[in-house]
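Participant: Sending over model.cif (mmCIF, C-alpha atoms and all ligand atoms).
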data_coords
#
loop_
_atom_site.group_PDB
_atom_site.id
_atom_site.type_symbol
_atom_site.label_atom_id
_atom_site.label_comp_id
_atom_site.auth_asym_id
_atom_site.auth_seq_id
_atom_site.Cartn_x
_atom_site.Cartn_y
_atom_site.Cartn_z
ATOM 1 C CA MET B 28 130.360 85.359 94.324
ATOM 2 C CA VAL B 29 129.670 88.619 92.529
ATOM 3 C CA MET B 30 125.914 88.065 92.172
ATOM 4 C CA GLU B 31 125.650 87.366 95.896
ATOM 5 C CA PHE B 32 127.387 90.662 96.607
ATOM 6 C CA LEU B 33 124.907 92.554 94.427
ATOM 7 C CA ILE B 34 122.031 91.275 96.511
ATOM 8 C CA LYS B 35 123.774 92.033 99.809
ATOM 9 C CA GLU B 36 124.334 95.551 98.560
ATOM 10 C CA LEU B 37 120.631 95.861 97.846
ATOM 11 C CA ASP B 38 119.711 94.631 101.324
ATOM 12 C CA LYS B 39 121.982 92.683 103.667
ATOM 13 C CA ASN B 40 118.997 90.722 105.004
ATOM 14 C CA TYR B 41 118.304 89.098 101.629
ATOM 15 C CA GLU B 42 119.921 86.094 100.024
ATOM 16 C CA LEU B 43 120.235 84.944 96.457
ATOM 17 C CA ILE B 44 118.252 81.789 95.674
ATOM 18 C CA ASP B 45 118.627 81.625 91.931
ATOM 19 C CA CYS B 46 120.096 83.602 89.054
ATOM 20 C CA LYS B 47 119.253 83.196 85.394
ATOM 21 C CA VAL B 48 121.103 85.064 82.687
ATOM 22 C CA LYS B 49 119.129 85.300 79.462
ATOM 23 C CA LYS B 50 119.896 87.005 76.180
ATOM 24 C CA ASP B 51 118.614 90.403 77.232
ATOM 25 C CA LYS B 52 117.589 89.848 80.829
ATOM 26 C CA ILE B 53 119.034 88.836 84.188
ATOM 27 C CA ILE B 54 116.603 87.323 86.664
ATOM 28 C CA PHE B 55 117.466 87.061 90.347
ATOM 29 C CA THR B 56 115.322 85.153 92.773
ATOM 30 C CA ILE B 57 115.844 86.465 96.284
ATOM 31 C CA GLN B 58 114.300 86.208 99.712
ATOM 32 C CA SER B 59 114.700 87.606 103.181
ATOM 33 C CA THR B 60 116.800 85.674 105.684
ATOM 34 C CA LEU B 61 114.886 87.093 108.634
ATOM 35 C CA VAL B 62 112.737 84.531 110.426
ATOM 36 C CA GLU B 63 110.764 87.068 112.420
ATOM 37 C CA LEU B 64 109.074 90.044 110.803
ATOM 38 C CA GLU B 65 107.739 93.139 112.460
ATOM 39 C CA CYS B 66 104.066 93.982 112.087
ATOM 40 C CA PRO B 67 103.944 97.429 110.418
ATOM 41 C CA TYR B 68 100.841 98.329 112.439
ATOM 42 C CA CYS B 69 101.860 97.464 116.004
ATOM 43 C CA ARG B 70 105.619 96.761 115.745
ATOM 44 C CA HIS B 71 105.304 93.313 117.338
ATOM 45 C CA LYS B 72 107.506 90.592 115.899
ATOM 46 C CA THR B 73 106.094 87.339 114.598
ATOM 47 C CA ASP B 74 107.360 84.190 112.890
ATOM 48 C CA ARG B 75 103.955 82.706 111.991
ATOM 49 C CA VAL B 76 103.609 82.478 108.229
ATOM 50 C CA HIS B 77 100.142 82.752 106.675
ATOM 51 C CA SER B 78 101.165 82.224 103.030
ATOM 52 C CA TYR B 79 103.866 82.834 100.459
ATOM 53 C CA TYR B 80 103.820 84.910 97.293
ATOM 54 C CA THR B 81 106.286 86.293 94.761
ATOM 55 C CA ARG B 82 106.681 89.784 93.445
ATOM 56 C CA GLU B 83 108.560 91.014 90.388
ATOM 57 C CA ILE B 84 110.621 94.142 90.915
ATOM 58 C CA GLN B 85 112.698 95.787 88.210
ATOM 59 C CA ASP B 86 116.223 96.705 89.313
ATOM 60 C CA ILE B 87 119.070 98.720 87.777
ATOM 61 C CA PRO B 88 120.462 97.018 84.649
ATOM 62 C CA LEU B 89 123.576 94.873 84.792
ATOM 63 C CA LEU B 90 125.880 94.105 81.860
ATOM 64 C CA ASN B 91 123.500 96.107 79.673
ATOM 65 C CA LYS B 92 120.671 93.660 80.396
ATOM 66 C CA GLN B 93 117.367 94.374 82.035
ATOM 67 C CA THR B 94 117.452 93.116 85.603
ATOM 68 C CA VAL B 95 114.438 91.661 87.339
ATOM 69 C CA LEU B 96 114.189 90.546 90.949
ATOM 70 C CA ILE B 97 111.748 87.776 91.747
ATOM 71 C CA VAL B 98 111.208 88.400 95.426
ATOM 72 C CA ASN B 99 109.794 85.619 97.577
ATOM 73 C CA GLY B 100 107.607 87.303 100.152
ATOM 74 C CA ARG B 101 105.501 86.162 103.061
ATOM 75 C CA LYS B 102 102.150 87.079 104.462
ATOM 76 C CA MET B 103 102.359 86.833 108.243
ATOM 77 C CA PHE B 104 99.967 86.487 111.148
ATOM 78 C CA CYS B 105 100.311 89.226 113.726
ATOM 79 C CA GLN B 106 100.208 87.495 117.108
ATOM 80 C CA ASN B 107 99.571 90.573 119.172
ATOM 81 C CA PRO B 108 95.961 90.262 120.455
ATOM 82 C CA GLU B 109 95.758 94.026 120.818
ATOM 83 C CA CYS B 110 96.635 94.694 117.188
ATOM 84 C CA ASN B 111 93.671 95.425 114.921
ATOM 85 C CA HIS B 112 95.294 93.621 111.980
ATOM 86 C CA THR B 113 95.441 89.815 111.923
ATOM 87 C CA THR B 114 97.790 89.545 108.935
ATOM 88 C CA PHE B 115 100.292 91.725 107.118
ATOM 89 C CA SER B 116 102.517 91.410 104.059
ATOM 90 C CA GLU B 117 106.271 91.473 104.246
ATOM 91 C CA GLN B 118 107.713 94.900 103.476
ATOM 92 C CA HIS B 119 110.649 95.039 101.079
ATOM 93 C CA VAL B 120 112.521 98.168 102.066
ATOM 94 C CA PHE B 121 114.515 98.308 98.844
ATOM 95 C CA ALA B 122 111.329 98.585 96.744
ATOM 96 C CA GLY B 123 110.026 101.979 95.730
ATOM 97 C CA LYS B 124 106.587 103.378 96.480
ATOM 98 C CA ASN B 125 104.519 101.408 93.975
ATOM 99 C CA GLY B 126 106.514 98.216 94.554
ATOM 100 C CA ARG B 127 107.371 97.610 90.891
ATOM 101 C CA LYS B 128 110.870 99.073 90.875
ATOM 102 C CA THR B 129 113.728 99.254 93.355
ATOM 103 C CA ARG B 130 114.465 102.596 94.969
ATOM 104 C CA ARG B 131 117.905 102.683 93.396
ATOM 105 C CA LEU B 132 116.283 102.270 89.963
ATOM 106 C CA GLU B 133 113.762 105.027 90.726
ATOM 107 C CA ASP B 134 116.656 107.291 91.713
ATOM 108 C CA ARG B 135 118.371 106.619 88.412
ATOM 109 C CA ILE B 136 115.182 107.297 86.435
ATOM 110 C CA LEU B 137 114.644 110.563 88.298
ATOM 111 C CA LYS B 138 118.227 111.648 87.748
ATOM 112 C CA THR B 139 117.961 110.981 83.992
ATOM 113 C CA SER B 140 114.509 112.511 83.681
ATOM 114 C CA SER B 141 115.276 115.716 85.511
ATOM 115 C CA GLU B 142 117.755 116.581 82.760
ATOM 116 C CA LEU B 143 115.631 115.569 79.753
ATOM 117 C CA SER B 144 112.025 115.690 78.561
ATOM 118 C CA SER B 145 110.010 112.646 79.639
ATOM 119 C CA VAL B 146 109.913 111.387 76.017
ATOM 120 C CA GLY B 147 113.682 111.748 75.694
ATOM 121 C CA ALA B 148 114.238 110.182 79.101
ATOM 122 C CA SER B 149 111.988 107.238 78.304
ATOM 123 C CA LYS B 150 113.931 106.630 75.089
ATOM 124 C CA LEU B 151 117.341 106.937 76.749
ATOM 125 C CA LEU B 152 116.358 104.696 79.639
ATOM 126 C CA ARG B 153 115.030 102.103 77.204
ATOM 127 C CA GLU B 154 118.395 102.117 75.448
ATOM 128 C CA ASN B 155 119.852 101.438 78.894
ATOM 129 C CA ARG B 156 117.474 98.475 79.357
ATOM 130 C CA ILE B 157 115.248 100.269 81.828
ATOM 131 C CA THR B 158 111.572 99.888 81.003
ATOM 132 C CA VAL B 159 109.570 102.898 82.067
ATOM 133 C CA SER B 160 106.722 104.685 80.327
ATOM 134 C CA LYS B 161 106.482 108.427 79.744
ATOM 135 C CA SER B 162 103.465 108.627 82.056
ATOM 136 C CA THR B 163 105.300 106.847 84.884
ATOM 137 C CA ILE B 164 108.170 109.315 84.517
ATOM 138 C CA CYS B 165 105.654 112.170 84.706
ATOM 139 C CA GLU B 166 104.131 110.722 87.857
ATOM 140 C CA MET B 167 107.518 110.272 89.467
ATOM 141 C CA LEU B 168 108.610 113.770 88.492
ATOM 142 C CA LYS B 169 105.418 115.371 89.767
ATOM 143 C CA LYS B 170 106.370 114.264 93.251
ATOM 144 C CA ASN B 171 109.762 115.892 92.874
ATOM 145 C CA VAL B 172 109.482 118.858 90.518
ATOM 146 C CA THR B 173 106.517 120.756 89.146
ATOM 147 C CA ASN B 174 106.845 120.897 85.363
ATOM 148 C CA CYS B 175 106.781 117.765 83.260
ATOM 149 C CA GLY B 176 107.098 117.994 79.483
HETATM 150 ZN ZN ZN B 201 100.192 93.855 114.626
#
Output the file's structure in the form of structure tokens.
Ligand SMILES: [Zn+2]
Facilitator:
Amino acid sequence: MVMEFLIKELDKNYELIDCKVKKDKIIFTIQSTLVELECPYCRHKTDRVHSYYTREIQDIPLLNKQTVLIVNGRKMFCQNPECNHTTFSEQHVFAGKNGRKTRRLEDRILKTSSELSSVGASKLLRENRITVSKSTICEMLKKNVTNCG
């Protein structure tokens, strides 16, 4: 299935749970297939789940529709007695720094913005069903280049 492939391309350790195609939006619900997760603080693996949560992450548009990933995440107990953290949240490697957009979407925004003013880029991206504000573009650009119009 094509939709399944799109998720595997994003991260091979994730599976597609649900897909809804709306008038101007595609919503994928996905989750990790890994049973054990590694504590980011001590690198020990654990399979003890503390709780579940979902996170919404904007992805690159498909079929000229805005694409949103509903990611089922877990909060885990670290079972290493020597670790100074008792719990940690699942890390989604495909998500960008602030966790609201995928890295591949951030790359596309940066590529568009580096060639245009942030107002122009915001407008063009919106026409391409990518929601991003001028100030977010500025913030993203500041980390990459110095001047932001
Ligand atoms: Zn730990």
Participant: Restricting the calculation to all atoms listed in the file, which member of B:Met103, B:Met30, B:Leu43, B:Cys110 is positioned closest to ligand ZN 201 (chain B)?
Facilitator: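 Among the listed residues, the smallest separation from ligand ZN 201 (chain B) belongs to B:Cys110.
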Participant: What would the selection look like, as a list in words, if the PyMOL selection byres (((chain B and resi 72-89) around 6) and not hetatm) were run on the coordinates I just shared?
Facilitator: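 Applied to this file, the PyMOL selection byres (((chain B and resi 72-89) around 6) and not hetatm) returns Val62, Glu63, Leu64, Glu65, His71, Leu90, Asn91, Lys92, Gln93, Thr94, Val95, Leu96, Ile97, Val98, Asn99, Gly100, Arg101, Lys102, Met103, Phe104, Arg127, Lys128, Thr129 and Leu132 of chain B.
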Participant: So what do you get for atom CA of B:Ser149 versus atom CA of B:Lys161, distance-wise?
Facilitator: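 Calculated distance between atom CA of B:Ser149 and atom CA of B:Lys161 is 5.8 Å.
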Participant: Ranking B:Asp45, B:Glu117, B:Glu142, B:Glu109 by minimum distance to ligand ZN 201 (chain B) and counting all atoms listed in the file, which one comes first?
Facilitator: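 Ranked by minimum distance to ligand ZN 201 (chain B), first place goes to B:Glu109.
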Participant: Throw together the list of residues within 6 Å of ligand ZN 201 (chain B), counting only C-alpha atoms and all ligand atoms, and drop it here as an MDAnalysis selection string.
Facilitator: chainID B and resid 66 68:69 71 105 107 110 112
Participant: I'd like the neighbourhood of B:Lys39 as a list in words, where a residue qualifies if any of its atoms comes within 10 Å (using all atoms listed in the file), though same-chain residues fewer than 6 positions away should be ignored.
Facilitator: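 With the cut-off at 10 Å, the set is Phe32, Leu33, Ser59 and Thr60 of chain B.
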Participant: Which residue, B:Ser116, B:Gln58, B:Asp51, B:Asn155, has the smallest gap to B:Asp38 when you use only C-alpha atoms?
Facilitator: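 Nearest to B:Asp38: B:Gln58.
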Participant: Any idea what the distance is between atom CA of B:Leu137 and atom CA of B:Lys49?
Facilitator: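 Between these atoms lies a distance of 27.1 Å.
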Participant: Check what the PyMOL selection byres (((chain B and resi 143) around 12) and not hetatm) selects in the file above and give those residues as JSON, numbers by chain.
Facilitator: {"B": [136, 137, 138, 139, 140, 141, 142, 144, 145, 146, 147, 148, 149, 150, 151, 152, 161, 164, 165, 168, 174, 175, 176]}
Participant: Between B:Arg156, B:Lys35, B:Glu133, B:Phe115, single out the one closest to B:Arg70, counting all atoms listed in the file.
Facilitator: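 For B:Arg70, the nearest of the given residues is B:Phe115.
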Participant: For B:Leu37, which residue out of B:Arg131, B:Thr56, B:Thr113, B:Asn125 is the nearest one, using all atoms listed in the file?
Facilitator: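 Looking at the shortest contact to B:Leu37, the residue is B:Arg131.
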Participant: Select, from B:His119, B:Lys169, B:Arg153, B:Lys47, the residue with the minimum atom-to-atom distance to B:Leu61, counting all atoms listed in the file.
Facilitator: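 Using all atoms listed in the file, the shortest distance to B:Leu61 belongs to B:His119.
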